[in-house]
Amino acid sequence: MAENKEEDVKLGANKYRETQPLGTAAQTDKDYKEPPPAPLFEPGELSSWSFYRAGIAEFMATFLFLYITILTVMGLKRSDSLCSSVGIQGVAWAFGGMIFALVYCTAGISGGHINPAVTFGLFLARKLSLTRAVFYIVMQCLGAICGAGVVKGFMVGPYQRLGGGANEVQPGYTKGDGLGAEIIGTFVLVYTVFSATDAKRNARDSHVPILAPLPIGFAVFLVHLATIPITGTGINPARSLGAAIIYNTDAAWDDHVMDLLGWTIHWSCSCCSLPPNDHQSHAIPQVLSFFMKHLSGFS
């Protein structure tokens, strides 16, 4: 028995050398190998049922996400005071809890994105093809529109009177404040997604069990606590777009879709001539014609 123990000690000493760099894991047979980047276009996906099943999962998840969360927001705004309702904390828990549940349910089907920002970030990291990214984003936006539309169907009068769950910059804050809050909040979410789903980290730190939907949902909860008083919290373009389309008022389009998104395009694209101080009302046809006009200028 003593000899066997000495052999085990020698084997361990050879396997985990003292010269191993600090902060790195021991080399084992379970070392992680970086997968090749996803191709930009993958036509074979279009003939696969799993591709369309993943899109349906994204649609249903975003639909349920908008349905539950906007109903929660409507319940908050219908109450006479925050103390007689779930309050801001309850709304934040509704968003974070739904993300936790939906990511857990759809992670094995589509990856559980439920957010065009997450999908776009994973596309830039070459984790999925452009074909799948575009399909996911379209299905997410359609699901968000349908989810907000069902809520409006339940309560047509109160929906329009109580704001429809649309994101608007609150009094006392500028549009620049709202843009900054949304950029930081979206960064926190996407950074958490990348950290929680890093396969290399899971292989290296296999002794630390982690349930990826938990930190993602908790990040959504914390970001909502911080930014609900500023913009109502977007951090999900599909959620903001769906509510804005169904609510369809000047404030919803000007404050969130037109100004915040327009300023981002204006800052990142020198050839875009969107005036940053233009706060006039825009109907949906005008919005579409505006972007079509500027998109045609790139060709």
# chains A, B, ... in the order shown; residues from 1 in each chain; ligands from 1

call {"tool": "residues_around", "arguments": {"residues": "A:Phe100", "least_positions_apart": "4", "cutoff": "8 Å", "atoms": "only C-alpha atoms", "output": "JSON, numbers by chain"}}
result
{"A": [96, 104, 213, 214, 216, 217, 218]}

call {"tool": "residues_around", "arguments": {"residues": "stretch 67-71 of chain A", "least_positions_apart": "3", "cutoff": "8 Å", "atoms": "only C-alpha atoms", "output": "list in words"}}
result
Phe63, Leu64, Met74, Gly75, Val91, Ala94, Phe95, Met98, Gly147, Ala148, Val150, Val151, Gly164 and Gly165 of chain A

call {"tool": "closest_residue", "arguments": {"among": "A:Pro215, A:Gly90, A:Ile228, A:Tyr247", "to": "A:Arg161", "atoms": "only C-alpha atoms"}}
result
A:Tyr247

call {"tool": "closest_residue", "arguments": {"among": "A:Cys141, A:Met60, A:Ala243, A:Val223", "to": "A:Val190", "atoms": "only C-alpha atoms"}}
result
A:Val223

call {"tool": "closest_residue", "arguments": {"among": "A:Asn236, A:Asp198, A:Lys152, A:Lys175", "to": "A:Phe120", "atoms": "only C-alpha atoms"}}
result
A:Asn236

call {"tool": "closest_atom_pairs", "arguments": {"of": "stretch 120-151 of chain A", "to": "stretch 54-59 of chain A", "cutoff": "9 Å", "atoms": "only C-alpha atoms", "output": "CSV"}}
result
residue,atom,partner,partner_atom,distance
A:Arg132,CA,A:Gly55,CA,8.4
A:Phe135,CA,A:Gly55,CA,6.7
A:Tyr136,CA,A:Gly55,CA,5.6
A:Ile137,CA,A:Glu58,CA,8.6
A:Val138,CA,A:Phe59,CA,8.6
A:Met139,CA,A:Phe59,CA,4.9
A:Gln140,CA,A:Phe59,CA,5.1
A:Cys141,CA,A:Phe59,CA,7.8
A:Leu142,CA,A:Phe59,CA,6.7
A:Gly143,CA,A:Phe59,CA,4.5
A:Ala144,CA,A:Phe59,CA,7.7

call {"tool": "atom_distance", "arguments": {"atom1": "atom CA of A:Val134", "atom2": "atom CA of A:Gly44"}}
result
15.2 Å

call {"tool": "closest_residue", "arguments": {"among": "A:Ile114, A:Ile109, A:Ile99, A:Leu66", "to": "A:Val220", "atoms": "only C-alpha atoms"}}
result
A:Ile99

call {"tool": "closest_residue", "arguments": {"among": "A:Ser48, A:Ala61, A:Ile183, A:Ala219", "to": "A:His113", "atoms": "only C-alpha atoms"}}
result
A:Ala61

call {"tool": "select_by_dssp", "arguments": {"residues": "stretch 74-164 of chain A", "states": "alpha helix (DSSP H)", "output": "PyMOL selection string"}}
result
chain A and resi 74-78+87-106+116-124+130-154+156-161

call {"tool": "atom_distance", "arguments": {"atom1": "atom CA of A:Phe187", "atom2": "atom CA of A:Ser129"}}
result
21.6 Å

call {"tool": "atom_distance", "arguments": {"atom1": "atom CA of A:Ser50", "atom2": "atom CA of A:Lys200"}}
result
25.1 Å
